[in-house]
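Colleague: For reference, the file my_file.txt (compact mmCIF, C-alpha atoms) is included below:
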# COMPACT_ATOMS: atom_id res chain seq x y z
CA MET G 15 -56.94 -13.31 76.86
CA GLU G 16 -59.44 -10.60 77.76
CA LEU G 17 -62.78 -12.00 78.89
CA LEU G 18 -65.94 -9.93 79.35
CA GLU G 19 -67.78 -10.43 82.62
CA THR G 20 -71.36 -9.53 83.55
CA CYS G 21 -73.00 -10.39 86.85
CA HIS G 22 -76.72 -11.07 87.22
CA ASP G 23 -77.69 -11.72 90.86
CA THR G 24 -76.67 -15.36 91.19
CA VAL G 25 -75.10 -15.95 87.78
CA LYS G 26 -71.95 -14.58 86.23
CA ILE G 27 -71.76 -14.57 82.43
CA VAL G 28 -68.24 -14.74 81.01
CA THR G 29 -68.00 -13.95 77.30
CA VAL G 30 -65.05 -14.96 75.11
CA PRO G 31 -64.54 -12.12 72.63
CA GLU G 32 -62.07 -14.05 70.44
CA SER G 33 -63.00 -16.37 67.58
CA ARG G 34 -60.75 -19.29 68.46
CA ILE G 35 -59.85 -21.31 71.54
CA ASP G 36 -57.12 -23.43 70.01
CA ALA G 37 -53.65 -24.71 70.92
CA ALA G 38 -52.26 -21.18 70.59
CA ALA G 39 -54.89 -19.71 72.95
CA ALA G 40 -55.67 -22.54 75.40
CA ILE G 41 -53.31 -21.55 78.23
CA ARG G 42 -54.22 -17.85 78.01
CA PHE G 43 -57.90 -18.80 78.08
CA LYS G 44 -57.50 -21.08 81.12
CA ASP G 45 -55.56 -18.40 83.04
CA ALA G 46 -58.12 -15.72 82.17
CA MET G 47 -60.91 -18.05 83.32
CA ARG G 48 -59.15 -18.63 86.62
CA ALA G 49 -59.10 -14.87 87.21
CA ALA G 50 -62.70 -14.39 86.02
CA THR G 51 -64.14 -17.14 88.23
CA ALA G 52 -61.97 -16.66 91.33
CA GLU G 53 -64.67 -14.55 92.98
CA GLY G 54 -68.38 -14.02 92.57
CA PRO G 55 -71.35 -16.33 92.04
CA ASP G 56 -70.95 -20.11 92.18
CA HIS G 57 -72.85 -20.37 88.92
CA VAL G 58 -70.95 -19.22 85.83
CA VAL G 59 -72.12 -19.34 82.22
CA LEU G 60 -69.44 -19.29 79.54
CA ASP G 61 -70.77 -17.51 76.45
CA LEU G 62 -69.08 -19.05 73.39
CA SER G 63 -71.21 -17.33 70.75
CA ASN G 64 -68.21 -15.44 69.31
CA VAL G 65 -66.08 -18.58 69.16
CA ALA G 66 -66.15 -20.24 65.74
CA PHE G 67 -63.52 -22.86 66.45
CA VAL G 68 -62.33 -25.01 69.35
CA ASP G 69 -59.72 -27.75 68.96
CA SER G 70 -58.89 -30.50 71.46
CA SER G 71 -56.54 -28.17 73.38
CA GLY G 72 -59.33 -25.61 73.66
CA LEU G 73 -61.79 -28.29 74.73
CA GLY G 74 -59.32 -29.43 77.41
CA ALA G 75 -58.92 -25.83 78.59
CA ILE G 76 -62.71 -25.44 78.96
CA VAL G 77 -62.84 -28.65 81.02
CA ALA G 78 -59.87 -27.41 83.09
CA ALA G 79 -61.65 -24.07 83.62
CA MET G 80 -64.60 -25.95 85.08
CA LYS G 81 -62.42 -28.14 87.30
CA GLN G 82 -60.39 -25.24 88.66
CA MET G 83 -63.58 -23.52 89.88
CA GLY G 84 -63.77 -26.15 92.58
CA GLU G 85 -66.33 -28.42 94.18
CA GLY G 86 -69.91 -27.16 94.48
CA ARG G 87 -69.60 -24.57 91.74
CA ARG G 88 -71.02 -24.88 88.27
CA LEU G 89 -69.89 -23.89 84.76
CA ASP G 90 -72.52 -23.95 82.01
CA LEU G 91 -71.93 -23.21 78.34
CA ALA G 92 -73.99 -21.09 75.98
CA GLY G 93 -74.09 -20.09 72.33
CA LEU G 94 -72.19 -22.98 70.75
CA THR G 95 -71.52 -22.33 67.06
CA PRO G 96 -71.74 -25.33 64.67
CA ASP G 97 -68.07 -26.44 64.60
CA VAL G 98 -67.75 -26.00 68.37
CA ALA G 99 -70.95 -27.99 68.97
CA LYS G 100 -69.56 -30.76 66.74
CA VAL G 101 -66.41 -31.11 68.87
CA PHE G 102 -68.46 -31.27 72.09
CA ARG G 103 -70.89 -33.79 70.60
CA LEU G 104 -68.24 -36.14 69.18
CA THR G 105 -66.21 -36.23 72.39
CA ARG G 106 -69.42 -36.63 74.45
CA MET G 107 -68.41 -33.55 76.45
CA ASP G 108 -71.91 -32.24 75.69
CA SER G 109 -73.06 -34.66 78.41
CA VAL G 110 -70.74 -33.08 81.00
CA PHE G 111 -71.93 -29.47 80.69
CA VAL G 112 -75.37 -27.91 80.78
CA ILE G 113 -75.56 -26.18 77.39
CA HIS G 114 -77.88 -23.23 76.75
CA ASP G 115 -78.80 -21.84 73.33
CA ARG G 116 -78.05 -18.29 74.48
CA ALA G 117 -76.28 -16.84 77.50
CA ASP G 118 -79.07 -14.34 78.18
CA ALA G 119 -81.61 -17.16 78.44
CA THR G 120 -79.91 -19.08 81.25
CA GLY G 121 -82.36 -17.92 83.90
CA MET O 2 -47.14 -19.41 58.22
CA SER O 3 -48.69 -20.48 61.50
CA VAL O 4 -51.06 -23.40 62.04
CA ARG O 5 -53.88 -20.86 62.26
CA GLY O 6 -52.83 -19.24 59.00
CA LEU O 7 -52.67 -22.56 57.19
CA LEU O 8 -56.10 -23.63 58.47
CA SER O 9 -57.73 -20.37 57.50
CA ALA O 10 -56.17 -20.45 54.02
CA LEU O 11 -57.35 -24.03 53.48
CA ARG O 12 -60.87 -23.24 54.68
CA ALA O 13 -61.11 -20.24 52.36
CA ARG O 14 -60.06 -22.42 49.42
CA LEU O 15 -62.55 -25.19 50.26
CA ARG O 16 -65.34 -22.65 50.69
CA ALA O 17 -64.47 -21.10 47.33
CA HIS O 18 -64.88 -24.54 45.75
CA GLY O 19 -68.40 -24.72 47.17
CA LEU O 20 -67.79 -27.20 49.98
CA PRO O 21 -70.60 -26.78 52.54
CA GLU O 22 -69.72 -25.13 55.88
CA SER O 23 -70.28 -28.32 57.84
CA ALA O 24 -67.77 -30.24 55.70
CA CYS O 25 -65.31 -27.30 55.91
CA GLY O 26 -65.65 -27.49 59.71
CA THR O 27 -64.96 -31.22 59.77
CA VAL O 28 -61.83 -30.76 57.67
CA GLU O 29 -60.61 -27.85 59.80
CA ILE O 30 -61.05 -29.82 63.05
CA VAL O 31 -59.07 -32.80 61.70
CA LEU O 32 -56.32 -30.68 60.14
CA ALA O 33 -55.99 -28.61 63.33
CA GLU O 34 -55.41 -31.78 65.36
CA ALA O 35 -52.98 -33.24 62.84
CA LEU O 36 -51.02 -29.97 62.54
CA ASN O 37 -50.90 -29.45 66.32
CA ASN O 38 -49.64 -32.98 66.65
CA ILE O 39 -46.80 -32.29 64.21
CA ALA O 40 -45.91 -29.04 66.00
CA GLU O 41 -45.99 -30.66 69.46
CA HIS O 42 -44.44 -34.05 68.72
CA ALA O 43 -42.66 -34.28 65.36
CA TYR O 44 -41.09 -30.86 65.91
CA ALA O 45 -40.95 -31.06 69.73
CA GLY O 46 -38.28 -28.85 71.22
CA THR O 47 -37.98 -26.62 68.16
CA ASP O 48 -39.96 -23.45 67.62
CA ARG O 49 -40.24 -23.81 63.88
CA GLY O 50 -40.45 -26.50 61.24
CA GLU O 51 -41.81 -26.89 57.76
CA ILE O 52 -45.09 -28.64 57.06
CA GLY O 53 -46.31 -29.33 53.55
CA LEU O 54 -50.03 -29.52 52.86
CA HIS O 55 -51.41 -30.93 49.65
CA ALA O 56 -55.17 -31.10 49.20
CA ARG O 57 -57.07 -32.67 46.32
CA LEU O 58 -60.82 -32.25 46.05
CA GLY O 59 -62.38 -34.92 43.84
CA PRO O 60 -65.93 -36.10 43.37
CA ALA O 61 -67.27 -36.87 46.86
CA GLU O 62 -63.77 -37.05 48.32
CA LEU O 63 -61.13 -34.76 49.75
CA VAL O 64 -57.60 -36.07 50.23
CA CYS O 65 -55.19 -34.03 52.34
CA THR O 66 -51.55 -34.99 52.64
CA LEU O 67 -49.36 -33.49 55.36
CA SER O 68 -45.61 -33.87 55.20
CA ASP O 69 -42.98 -32.83 57.69
CA ARG O 70 -39.29 -33.41 58.37
CA GLY O 71 -39.69 -34.06 62.09
CA ALA O 72 -39.44 -37.08 64.38
CA ALA O 73 -41.34 -40.26 63.53
CA PHE O 74 -44.31 -41.56 65.50
CA PRO O 75 -43.22 -43.91 68.28
CA ALA O 76 -42.78 -47.36 66.70
CA GLN O 77 -43.96 -45.65 63.47
CA VAL O 78 -47.57 -46.41 64.41
CA LEU O 79 -50.43 -43.90 64.69
CA PRO O 80 -52.15 -43.58 68.07
CA GLU O 81 -55.31 -45.63 68.45
CA GLY O 82 -57.39 -42.59 69.31
CA ARG O 83 -59.76 -44.06 71.84
CA LEU O 84 -62.17 -41.61 73.45
CA PRO O 85 -60.96 -40.76 76.98
CA GLU O 86 -63.30 -42.10 79.62
CA ILE O 87 -65.61 -39.60 81.28
CA GLY O 88 -65.48 -40.40 84.99
CA PRO O 89 -68.29 -39.77 87.44
CA GLY O 90 -66.69 -36.85 89.27
CA GLN O 91 -65.70 -33.42 88.06
CA ASP O 92 -62.13 -34.06 89.26
CA THR O 93 -61.64 -37.04 86.98
CA LEU O 94 -62.78 -35.43 83.72
CA PRO O 95 -60.22 -35.74 80.91
CA GLU O 96 -58.50 -32.53 79.78
CA GLY O 97 -56.80 -34.08 76.77
CA GLY O 98 -56.43 -37.14 74.60
CA PHE O 99 -59.22 -36.12 72.24
CA GLY O 100 -57.06 -35.31 69.21
CA TRP O 101 -56.62 -38.70 67.56
CA PHE O 102 -60.17 -39.65 68.45
CA LEU O 103 -61.40 -36.62 66.50
CA ILE O 104 -59.07 -37.35 63.58
CA ARG O 105 -60.20 -40.98 63.34
CA SER O 106 -63.91 -40.15 63.85
CA LEU O 107 -64.08 -37.51 61.16
CA THR O 108 -62.02 -39.15 58.41
CA ARG O 109 -62.89 -42.12 56.23
CA ASP O 110 -59.32 -43.33 56.16
CA ILE O 111 -55.88 -42.27 57.38
CA HIS O 112 -52.51 -43.52 56.27
CA TYR O 113 -49.08 -42.87 57.71
CA ALA O 114 -45.72 -43.42 56.06
CA ARG O 115 -42.22 -42.72 57.31
CA GLU O 116 -40.02 -42.16 54.32
CA ALA O 117 -36.72 -40.46 53.53
CA GLY O 118 -36.39 -38.93 56.99
CA GLY O 119 -39.86 -37.41 57.04
CA ASN O 120 -43.47 -38.17 57.89
CA ARG O 121 -46.35 -38.30 55.47
CA LEU O 122 -49.90 -38.44 56.76
CA THR O 123 -52.73 -38.92 54.28
CA LEU O 124 -56.25 -38.04 55.44
CA ARG O 125 -59.30 -38.99 53.35
CA PHE O 126 -62.69 -37.36 53.87
CA ASP O 127 -66.08 -38.17 52.44
CA VAL O 128 -67.52 -34.86 51.26
CA PRO O 129 -70.74 -34.00 49.45
CA ASP O 130 -70.41 -34.25 45.70
CA ILE O 131 -69.86 -30.76 44.36
CA ASP O 132 -70.84 -30.01 40.82
CA GLU O 133 -68.79 -26.91 40.09
CA THR O 134 -70.35 -26.51 36.68
CA ALA O 135 -73.82 -26.09 38.22
CA THR O 136 -73.30 -22.42 39.04
As structure tokens, how would this structure be written, given the file I've shared?

Modeller:
Amino acid sequence: MELLETCHDTVKIVTVPESRIDAAAAIRFKDAMRAATAEGPDHVVLDLSNVAFVDSSGLGAIVAAMKQMGEGRRLDLAGLTPDVAKVFRLTRMDSVFVIHDRADATG
Amino acid sequence: MSVRGLLSALRARLRAHGLPESACGTVEIVLAEALNNIAEHAYAGTDRGEIGLHARLGPAELVCTLSDRGAAFPAQVLPEGRLPEIGPGQDTLPEGGFGWFLIRSLTRDIHYAREAGGNRLTLRFDVPDIDETAT
């Protein structure tokens, strides 16, 4: 999966350009995240505003992407669309991540 | 047709019947988990298998029935679907086990039957009452 990366001083914003992180995309997403977060700022914001749908495999891949960044680094989420927000809320994973309304407002 | 194709076709049909986006989302999440489960477990080790989907939208209720010719659930019982525990540390966070929790949380009722060498899973949803004559 191609991810778009922009660096702002101490924060890297990684944007998912695809509309689904599901069972068919989860491994490609996790691998692309490993490459995108291997270097650069310790603080990364994952912009999910183009993603309309995440299933449990996609949710697991987002958690794995955070874990593989390593101790002392931080992955926030931004731009959750309604169905994606519902999955995070129901599984209580919204308590694990800092969630911003928009990636460009993460400060 | 792929799981993605089936989900997108179902969502388009539900939307066309006037089901609100939020209810369409709920149905898509549950069906995605149930279909992935069939692909990963019932049809484990094969790269294709047939899945039948029958959906009936009634007043305030949607009933979806999925049928496949794959392996039965272990002991022919559906998983309990408990929410994985969120540990204190980043290392201990669960990366899976959410599927049946989502299915059970978002449906009113689910029923499983093993019959004639296949599986049949019936999923019932409460949906807003749609008056199709109103438009």

Colleague: For chain G, report every residue with an atom at most 10 Å from chain O (counting only C-alpha atoms), formatted as a PDB file with C-alpha atoms, keeping the file's coordinate frame.

Modeller:
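File produced: out-v5.pdb:
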ATOM      1  CA  ARG G  34     -60.750 -19.290  68.460  1.00  0.00           C
ATOM      2  CA  ASP G  36     -57.120 -23.430  70.010  1.00  0.00           C
ATOM      3  CA  ALA G  37     -53.650 -24.710  70.920  1.00  0.00           C
ATOM      4  CA  ALA G  38     -52.260 -21.180  70.590  1.00  0.00           C
ATOM      5  CA  ALA G  66     -66.150 -20.240  65.740  1.00  0.00           C
ATOM      6  CA  PHE G  67     -63.520 -22.860  66.450  1.00  0.00           C
ATOM      7  CA  VAL G  68     -62.330 -25.010  69.350  1.00  0.00           C
ATOM      8  CA  ASP G  69     -59.720 -27.750  68.960  1.00  0.00           C
ATOM      9  CA  SER G  70     -58.890 -30.500  71.460  1.00  0.00           C
ATOM     10  CA  SER G  71     -56.540 -28.170  73.380  1.00  0.00           C
ATOM     11  CA  GLY G  72     -59.330 -25.610  73.660  1.00  0.00           C
ATOM     12  CA  LEU G  73     -61.790 -28.290  74.730  1.00  0.00           C
ATOM     13  CA  GLY G  74     -59.320 -29.430  77.410  1.00  0.00           C
ATOM     14  CA  ALA G  75     -58.920 -25.830  78.590  1.00  0.00           C
ATOM     15  CA  ILE G  76     -62.710 -25.440  78.960  1.00  0.00           C
ATOM     16  CA  VAL G  77     -62.840 -28.650  81.020  1.00  0.00           C
ATOM     17  CA  ALA G  78     -59.870 -27.410  83.090  1.00  0.00           C
ATOM     18  CA  ALA G  79     -61.650 -24.070  83.620  1.00  0.00           C
ATOM     19  CA  MET G  80     -64.600 -25.950  85.080  1.00  0.00           C
ATOM     20  CA  LYS G  81     -62.420 -28.140  87.300  1.00  0.00           C
ATOM     21  CA  GLN G  82     -60.390 -25.240  88.660  1.00  0.00           C
ATOM     22  CA  GLY G  84     -63.770 -26.150  92.580  1.00  0.00           C
ATOM     23  CA  GLU G  85     -66.330 -28.420  94.180  1.00  0.00           C
ATOM     24  CA  GLY G  86     -69.910 -27.160  94.480  1.00  0.00           C
ATOM     25  CA  PRO G  96     -71.740 -25.330  64.670  1.00  0.00           C
ATOM     26  CA  ASP G  97     -68.070 -26.440  64.600  1.00  0.00           C
ATOM     27  CA  VAL G  98     -67.750 -26.000  68.370  1.00  0.00           C
ATOM     28  CA  LYS G 100     -69.560 -30.760  66.740  1.00  0.00           C
ATOM     29  CA  VAL G 101     -66.410 -31.110  68.870  1.00  0.00           C
ATOM     30  CA  LEU G 104     -68.240 -36.140  69.180  1.00  0.00           C
ATOM     31  CA  THR G 105     -66.210 -36.230  72.390  1.00  0.00           C
ATOM     32  CA  ARG G 106     -69.420 -36.630  74.450  1.00  0.00           C
ATOM     33  CA  MET G 107     -68.410 -33.550  76.450  1.00  0.00           C
ATOM     34  CA  SER G 109     -73.060 -34.660  78.410  1.00  0.00           C
ATOM     35  CA  VAL G 110     -70.740 -33.080  81.000  1.00  0.00           C
TER      36      VAL G 110
END

Colleague: Just to confirm, what's the straight-line distance from CA of Ile104 in chain O to CA of Gly6 in chain O in Å (one decimal)?

Modeller: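 For CA of Ile104 in chain O relative to CA of Gly6 in chain O, the distance reads 19.7 Å.
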
Colleague: Report as a list in words all protein, DNA and RNA residues lying within 12 Å of range 73-79 of chain O, evaluated on all atoms listed in the file, omitting residues in the same chain fewer than 4 positions from it.

Modeller: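 So the residues in contact are Ala35, Asn38, Ile39, Glu41, His42, Ala43, Tyr44, Ala45, Ser68, Asp69, Arg83, Gly100, Trp101, Phe102, Ile104, Arg105, Ile111, His112, Tyr113, Ala114, Arg115, Glu116, Ala117, Gly118, Gly119, Asn120, Arg121, Leu122 and Thr123 of chain O.
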
Colleague: Work out how far apart CA of Asp56 in chain G and CA of Asp108 in chain G are and give it in Å to one decimal.

Modeller: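 Separation of CA of Asp56 in chain G and CA of Asp108 in chain G: 20.5 Å.
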
Colleague: Between CA of Pro60 in chain O and CA of Arg109 in chain O, what is the distance in Å, rounded to a tenth?

Modeller: 14.5 Å

Colleague: Could you pull the residues within 10 Å of Gly93 in chain G, counting all atoms listed in the file, minus those fewer than 3 positions along the same chain, as a PyMOL selection string?

Modeller: chain G and resi 29+60-65+96+98-99+113-118

Colleague: Write a file of the just-selected residues containing C-alpha atoms, as an mmCIF file, keeping the file's coordinate frame.

Modeller:
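Result written to selection_35.cif:
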data_model
loop_
_atom_site.group_PDB
_atom_site.id
_atom_site.type_symbol
_atom_site.label_atom_id
_atom_site.label_comp_id
_atom_site.auth_asym_id
_atom_site.auth_seq_id
_atom_site.Cartn_x
_atom_site.Cartn_y
_atom_site.Cartn_z
ATOM 1 C CA THR G 29 -68.000 -13.950 77.300
ATOM 2 C CA LEU G 60 -69.440 -19.290 79.540
ATOM 3 C CA ASP G 61 -70.770 -17.510 76.450
ATOM 4 C CA LEU G 62 -69.080 -19.050 73.390
ATOM 5 C CA SER G 63 -71.210 -17.330 70.750
ATOM 6 C CA ASN G 64 -68.210 -15.440 69.310
ATOM 7 C CA VAL G 65 -66.080 -18.580 69.160
ATOM 8 C CA PRO G 96 -71.740 -25.330 64.670
ATOM 9 C CA VAL G 98 -67.750 -26.000 68.370
ATOM 10 C CA ALA G 99 -70.950 -27.990 68.970
ATOM 11 C CA ILE G 113 -75.560 -26.180 77.390
ATOM 12 C CA HIS G 114 -77.880 -23.230 76.750
ATOM 13 C CA ASP G 115 -78.800 -21.840 73.330
ATOM 14 C CA ARG G 116 -78.050 -18.290 74.480
ATOM 15 C CA ALA G 117 -76.280 -16.840 77.500
ATOM 16 C CA ASP G 118 -79.070 -14.340 78.180
#

Colleague: Adding 5 Å on each side of the box along x, y and z that holds all listed atoms of range 63-67 of chain O, could you give its centre and edge lengths in Å to one decimal, as AutoDock Vina command-line options?

Modeller:
--center_x -55.2 --center_y -34.8 --center_z 52.6 --size_x 21.8 --size_y 12.6 --size_z 15.6

Colleague: Env of His55 in chain O: 8 Å cut, atoms = all atoms listed in the file, seq-sep filter 6 positions within chain, self excluded. Answer as a list in words.

Modeller: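 Counting all atoms listed in the file, the residues come to Cys65, Thr66 and Leu67 of chain O.
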
Colleague: Any idea what's packed within 6 Å of Leu63 in chain O, counting all atoms listed in the file, ignoring anything in its chain fewer than 4 positions away? Could you give it as a CSV table (one decimal) with C-alpha atoms, in the frame of the given file?

Modeller:
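Saved the output as part.csv:
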chain,number,residue,atom,x,y,z
O,57,ARG,CA,-57.1,-32.7,46.3
O,58,LEU,CA,-60.8,-32.2,46.0
O,125,ARG,CA,-59.3,-39.0,53.4
O,126,PHE,CA,-62.7,-37.4,53.9

Colleague: Which residue, O:Glu62, O:Gly46, O:Ala56, O:Ala40, has the smallest gap to Arg12 in chain O when you use all atoms listed in the file?

Modeller: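 Closest candidate: O:Ala56.
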
Colleague: Kindly reconstruct range 55-83 of chain G with N, CA and C atoms and present the result as an mmCIF file, in the coordinates of the input.

Modeller:
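Heads up, here's the output in part.cif:
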data_model
loop_
_atom_site.group_PDB
_atom_site.id
_atom_site.type_symbol
_atom_site.label_atom_id
_atom_site.label_comp_id
_atom_site.auth_asym_id
_atom_site.auth_seq_id
_atom_site.Cartn_x
_atom_site.Cartn_y
_atom_site.Cartn_z
ATOM 1 N N PRO G 55 -70.353 -15.253 91.919
ATOM 2 C CA PRO G 55 -71.350 -16.330 92.040
ATOM 3 C C PRO G 55 -70.756 -17.712 91.776
ATOM 4 N N ASP G 56 -71.379 -18.724 92.396
ATOM 5 C CA ASP G 56 -70.950 -20.110 92.180
ATOM 6 C C ASP G 56 -71.366 -20.628 90.812
ATOM 7 N N HIS G 57 -72.338 -19.950 90.230
ATOM 8 C CA HIS G 57 -72.850 -20.370 88.920
ATOM 9 C C HIS G 57 -72.320 -19.437 87.831
ATOM 10 N N VAL G 58 -71.547 -20.014 86.910
ATOM 11 C CA VAL G 58 -70.950 -19.220 85.830
ATOM 12 C C VAL G 58 -71.406 -19.805 84.492
ATOM 13 N N VAL G 59 -71.762 -18.917 83.573
ATOM 14 C CA VAL G 59 -72.120 -19.340 82.220
ATOM 15 C C VAL G 59 -71.064 -18.786 81.265
ATOM 16 N N LEU G 60 -70.457 -19.696 80.507
ATOM 17 C CA LEU G 60 -69.440 -19.290 79.540
ATOM 18 C C LEU G 60 -70.106 -19.101 78.179
ATOM 19 N N ASP G 61 -70.132 -17.851 77.727
ATOM 20 C CA ASP G 61 -70.770 -17.510 76.450
ATOM 21 C C ASP G 61 -69.760 -17.688 75.318
ATOM 22 N N LEU G 62 -70.014 -18.714 74.478
ATOM 23 C CA LEU G 62 -69.080 -19.050 73.390
ATOM 24 C C LEU G 62 -69.607 -18.603 72.019
ATOM 25 N N SER G 63 -70.563 -17.675 72.028
ATOM 26 C CA SER G 63 -71.210 -17.330 70.750
ATOM 27 C C SER G 63 -70.281 -16.619 69.755
ATOM 28 N N ASN G 64 -69.167 -16.051 70.238
ATOM 29 C CA ASN G 64 -68.210 -15.440 69.310
ATOM 30 C C ASN G 64 -67.140 -16.426 68.831
ATOM 31 N N VAL G 65 -67.152 -17.623 69.424
ATOM 32 C CA VAL G 65 -66.080 -18.580 69.160
ATOM 33 C C VAL G 65 -66.495 -19.521 68.024
ATOM 34 N N ALA G 66 -65.802 -19.425 66.902
ATOM 35 C CA ALA G 66 -66.150 -20.240 65.740
ATOM 36 C C ALA G 66 -65.432 -21.579 65.762
ATOM 37 N N PHE G 67 -64.343 -21.661 66.542
ATOM 38 C CA PHE G 67 -63.520 -22.860 66.450
ATOM 39 C C PHE G 67 -62.854 -23.209 67.771
ATOM 40 N N VAL G 68 -62.994 -24.483 68.164
ATOM 41 C CA VAL G 68 -62.330 -25.010 69.350
ATOM 42 C C VAL G 68 -61.641 -26.314 68.938
ATOM 43 N N ASP G 69 -60.360 -26.460 69.234
ATOM 44 C CA ASP G 69 -59.720 -27.750 68.960
ATOM 45 C C ASP G 69 -59.608 -28.533 70.266
ATOM 46 N N SER G 70 -58.910 -29.677 70.250
ATOM 47 C CA SER G 70 -58.890 -30.500 71.460
ATOM 48 C C SER G 70 -58.176 -29.801 72.613
ATOM 49 N N SER G 71 -57.199 -28.943 72.312
ATOM 50 C CA SER G 71 -56.540 -28.170 73.380
ATOM 51 C C SER G 71 -57.518 -27.186 74.005
ATOM 52 N N GLY G 72 -58.322 -26.546 73.169
ATOM 53 C CA GLY G 72 -59.330 -25.610 73.660
ATOM 54 C C GLY G 72 -60.403 -26.310 74.476
ATOM 55 N N LEU G 73 -60.806 -27.491 73.998
ATOM 56 C CA LEU G 73 -61.790 -28.290 74.730
ATOM 57 C C LEU G 73 -61.225 -28.646 76.115
ATOM 58 N N GLY G 74 -59.966 -29.091 76.135
ATOM 59 C CA GLY G 74 -59.320 -29.430 77.410
ATOM 60 C C GLY G 74 -59.242 -28.229 78.337
ATOM 61 N N ALA G 75 -59.023 -27.048 77.771
ATOM 62 C CA ALA G 75 -58.920 -25.830 78.590
ATOM 63 C C ALA G 75 -60.284 -25.453 79.175
ATOM 64 N N ILE G 76 -61.358 -25.715 78.436
ATOM 65 C CA ILE G 76 -62.710 -25.440 78.960
ATOM 66 C C ILE G 76 -63.020 -26.402 80.112
ATOM 67 N N VAL G 77 -62.647 -27.672 79.940
ATOM 68 C CA VAL G 77 -62.840 -28.650 81.020
ATOM 69 C C VAL G 77 -61.996 -28.236 82.245
ATOM 70 N N ALA G 78 -60.753 -27.828 81.986
ATOM 71 C CA ALA G 78 -59.870 -27.410 83.090
ATOM 72 C C ALA G 78 -60.446 -26.186 83.805
ATOM 73 N N ALA G 79 -61.054 -25.276 83.029
ATOM 74 C CA ALA G 79 -61.650 -24.070 83.620
ATOM 75 C C ALA G 79 -62.770 -24.442 84.572
ATOM 76 N N MET G 80 -63.523 -25.473 84.203
ATOM 77 C CA MET G 80 -64.600 -25.950 85.080
ATOM 78 C C MET G 80 -64.015 -26.591 86.336
ATOM 79 N N LYS G 81 -63.001 -27.428 86.154
ATOM 80 C CA LYS G 81 -62.420 -28.140 87.300
ATOM 81 C C LYS G 81 -61.757 -27.186 88.286
ATOM 82 N N GLN G 82 -61.111 -26.147 87.758
ATOM 83 C CA GLN G 82 -60.390 -25.240 88.660
ATOM 84 C C GLN G 82 -61.330 -24.333 89.466
ATOM 85 N N MET G 83 -62.615 -24.304 89.094
ATOM 86 C CA MET G 83 -63.580 -23.520 89.880
ATOM 87 C C MET G 83 -63.843 -24.154 91.235
#
